[in-house]
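Okay, structure first, notes after.
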Amino acid sequence: MTQPIPERLAALRDAMRERDIAACVLPTADPHLSEYLPARWQARQWYSGFSGSAGTLVVTSDRAGLWTDSRYFEQAERELDGSGIALMRLVVPHAPEHVDWLCAQIRAGQRVAVAGDSIAAGAAATLREALAAHGASLVAEDPAGDAWTGRPPLPSAPAVEHPAAFAVRARADKLASVRAAKQAAGASHHLVSSLDDIAWLTNLRGTDVPYNPVFVAHLLLTADKATLFVPAGKIGPVLEAVLAADGVRLAPYAGIATALAALPRGARLLFDPERVAWATADAVPAHVERIAAANPSTLAKACKSAAELGHVRETMRQDGAALVRCARWLDEALARGERVSELDVDARLRTLRAERAHFVGESFATIAGYMANGALPHYRATPERHATVARDGLLLIDSGGQYLGGTTDITRVWAFGATTVEQRRDVTLVLKGVIALSRARFPAGTSGQQLDALARAPIWSAGIDYGHGTGHGVGYFLNVHEGPQSIRPPRAGARFEPLRPGMITSIEPGIYKPGRHGVRIENLAATVPAGDGEFGEFLAFETLTLCPIDSRALEPALLEPSERAWLDAYHAGVLEKLAPLLDDAGDRAWLQRRCAPLQPA
C-alpha cells in the first residue's frame with residue numbers, strides 16, 4: 001500500500017529532529033542538475049506527491065510549502081490536496097522565491113539542510129548567504145534521503161554508442177575542441193557534470209533519464225586524458241575498448257569526489273557552477289583555482305553542423321508522416337462515432353512514431369488536452385483523470401520523438417465539428433504570432449529576449465498574453481530542452497544569449513482560457529544565415545517541423561495577405577516533403593486536403 005504523504009513528511013521531520021535540522025529544502029534536481037530526473041533523485045515528488053517537472057519543497061518542523069510556476073498551479077492544487085503542504089505560486093518562473101519565506105521561518109543559530117548532490121553550487125552559495133544574513137547556516141545533509149523508504153538505486157541500463165553516421169563528428173575531434181577551449185580559458189582541468197554535454201562529447205547515449213537519451217556520469221578532462229566516471233556495468237568491455245582508443249578511461253561513478261580532491265597544487269579547474277552540484281564542487285581543494293564559466297560544449301552542441309541539420313530535416317519528415325497518420329485516424333474515428341479518449345490519442349501517436357525509421361523513444365510525455373484540458377500548458381492525461389474527445393471543439397496535442405537523427409517537439413491544435421468565433425480567433429492570433437517570429441530577419445548577435453515580443457504582439461493586440469517562454473533550444477538526439485539560447489521576455493540578471501547559425505529553437509506562442517480551451521502552435525526552427533550587407537551579417541529562421549496547421553480552426557479574415565501566403569507556402573512544402581512517405585492513398589488524400597491553399601474569407 002502506498003504510504004500517505006503526511007506519513008512521509010512525519011518520517012522526514014523525525015529525521016530532521018534527530019539531526020537538529022530546522023528546515024529541509026528539496027529542489028527538483030540530481031547530481032547533474034537535469035530537468036527530468038532518474039527515479040533515485042525524485043525526493044521532492046516522493047515527499048509532496050507533486051509530479052510536475054519544476055518545483056521546490058521546503059519542510060520545517062510545523063509547516064511545508066511547495067513553490068512552482070503558473071504552468072502547474074492547477075495540477076499542484078490537485079496533487080497537494082490533503083497533504084498538509086501549501087501551494088506557493090511563483091510570481092516569476094524559476095525564481096528562488098522560497099528563500100525569503102524560509103528566512104522568515106528560521107531563527108539565528110538554526111541549521112537548514114539540503115542534499116549536497118541535489119542543488120547547483122551557485123544556488124547553494126546564494127542560499128547560504130541569505131541564511132547567514134539571518135544568523136542561520138546551510139548544511140549539506142540529506143535527511144530526506146535517509147527517511148525515504150524503498151529509495152530507488154542508481155540507474156543501471158547500459159550506455160550505447162551513437163552510430164557514427166548520425167553522430168557525424170568524431171569523439172576525438174569533440175574532445176580536442178573542448179580541450180582547446182579549456183586551454184584558452186587558462187584552465188588545466190575541466191569538469192563536466194551535465195549529462196547532455198557528456199553524451200555529446202563522448203558520442204554515447206543512454207536511458208537513465210526519462211525522455212532524454214543520456215546516462216549518469218561525470219567527465220574530467222586534462223590536457224591529454226579524459227576520465228569518465230560511470231556506475232558499474234554502464235559501459236560494456238567492447239565499448240570500453242573503443243573509448244580507450246580515443247583516450248577515454250573509465251572510473252567508478254562515486255570516484256569523482258576523490259579525483260577532484262586529488263587535483264594538484266597549481267591546478268586550474270574550469271566548471272559551470274550552475275551545472276555542477278554543490279557536493280561535487282565542494283570536493284575541489286582550496287589550493288585549486290576555480291574558473292567559473294559555461295561548459296564550452298554547451299554552445300558547441302547547440303550549433304548544429306550542416307550534416308546534423310540534414311539528418312534533422314529527414315527526421316522531421318519521418319515524424320511528420322507519423323503525425324499525419326495519427327491526425328487522419330483521429331478525424332475518421334470521430335466521424336464514425338467511435339469513442340476516443342486523450343489516452344487513446346497518446347497511445348496511437350506513440351505506436352505510429354515507433355514505426356518510423358530510426359525512432360528511439362518519445363522526447364517528453366505527450367500532452368493531449370481536449371478543450372479545457374488544453375488550457376493547462378503541462379497537462380498529462382492519466383487513467384484516473386482524462387477526457388473523451390467529442391465531435392466538436394479543439395484538441396491540443398504537444399508531443400515529440402527521439403530519433404537517431406534528431407529530436408522533435410511539435411504542438412498542433414485540431415478542430416472537430418463546430419467551433420466558436422472565440423476559439424477560431426484565438427487559434428488565428430497564435431498562428432499570427434508564429435508567422436511573425438518565423439519570418440523575422442535580424443542582425444547577428446540578436447538574442448531571443450529581443451525577439452520574444454514579435455510572437456506576442458498579435459496576441460497582445462487582443463489584450464491577451466501567455467505565461468511561458470516563446471521558445472527553447474532543442475538538442476540533436478539529446479534533451480528536448482537545451483541551452484544556451486531561449487526566446488522569452490527579459491529577466492533581471494539573465495544572460496542575453498545570441499542566436500547563432502545552426503541553433504534549433506522552438507517557436508510556440510499560446511493562449512490559455514481556463515475552463516474553456518487552450519491554444520498553442522509549435523514549430524522547431526533552425527537559425528540560418530540571411531546575407532551580409534552594409535549593416536553586417538543578418539540571420540533568419542528556417543522552419544523545420546512538417547505537419548499541417550489545421551485551417552478549420554482559423555478565422556481567415558484575421559490574416560493579412562502576407563500571412564496567408566506564408567501559410568500556403570508552408571503547407572505546399574509539407575505536402576511536397578511528406579506525401580512520398582505515405583504509402584496509403586487515404587493518408588495522402590487527407591494530407592492534400594489539409595495542405596490546400598487557404599480559401600478566401
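Chain identifiers are assigned as A, B, and so on, following the order in which chains appear in the C-alpha cells; residues are numbered from 1 within each chain, and ligands are numbered from 1 in order of appearance.
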For the contact check between range 55-78 of chain A and range 372-386 of chain A, emit one row per residue of range 55-78 of chain A within 10 Å, containing the shortest atom pair and the distance in Å rounded to one decimal, counting only C-alpha atoms, chain then rising number order, as a tab-separated table.
residue	atom	partner	partner_atom	distance
A:Ser70	CA	A:Pro377	CA	8.9
A:Arg71	CA	A:Pro377	CA	5.6
A:Tyr72	CA	A:His378	CA	6.9
A:Phe73	CA	A:Leu376	CA	9.0
A:Glu74	CA	A:Leu376	CA	7.8
A:Gln75	CA	A:Tyr379	CA	7.8
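Minimum atom-to-atom distance to Asp346 in chain A, evaluated using only C-alpha atoms, belongs to A:Leu323 out of A:Leu323, A:Leu558, A:Cys303, A:Val168.
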Report the residues of range 345-553 of chain A whose backbone DSSP state falls under strand (DSSP E), written as a PyMOL selection string. chain A and resi 359-362+367-370+388-389+393-399+401-403+406-407+410-416+441-443+471-473+482-487+504-507+510-513+517-520+523-533+536-543
Interface rows for range 132-161 of chain A against range 40-53 of chain A: nearest pair, Å to one decimal, 7 Å, only C-alpha atoms, as a Markdown table:
| residue | atom | partner | partner_atom | distance |
| --- | --- | --- | --- | --- |
| A:Arg151 | CA | A:Arg40 | CA | 6.3 |
| A:Pro152 | CA | A:Arg40 | CA | 4.7 |
| A:Pro153 | CA | A:Arg40 | CA | 5.9 |
| A:Leu154 | CA | A:Arg40 | CA | 6.3 |
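Neighbouring residues of range 551-554 of chain A at 8 Å or closer, counting only C-alpha atoms and skipping chain neighbours under 4 positions away, are Leu394, Val413, Trp414, Ala415, Thr419, Gln423, Arg424, Arg425, Val427, Thr428, Arg594 and Leu598 of chain A.
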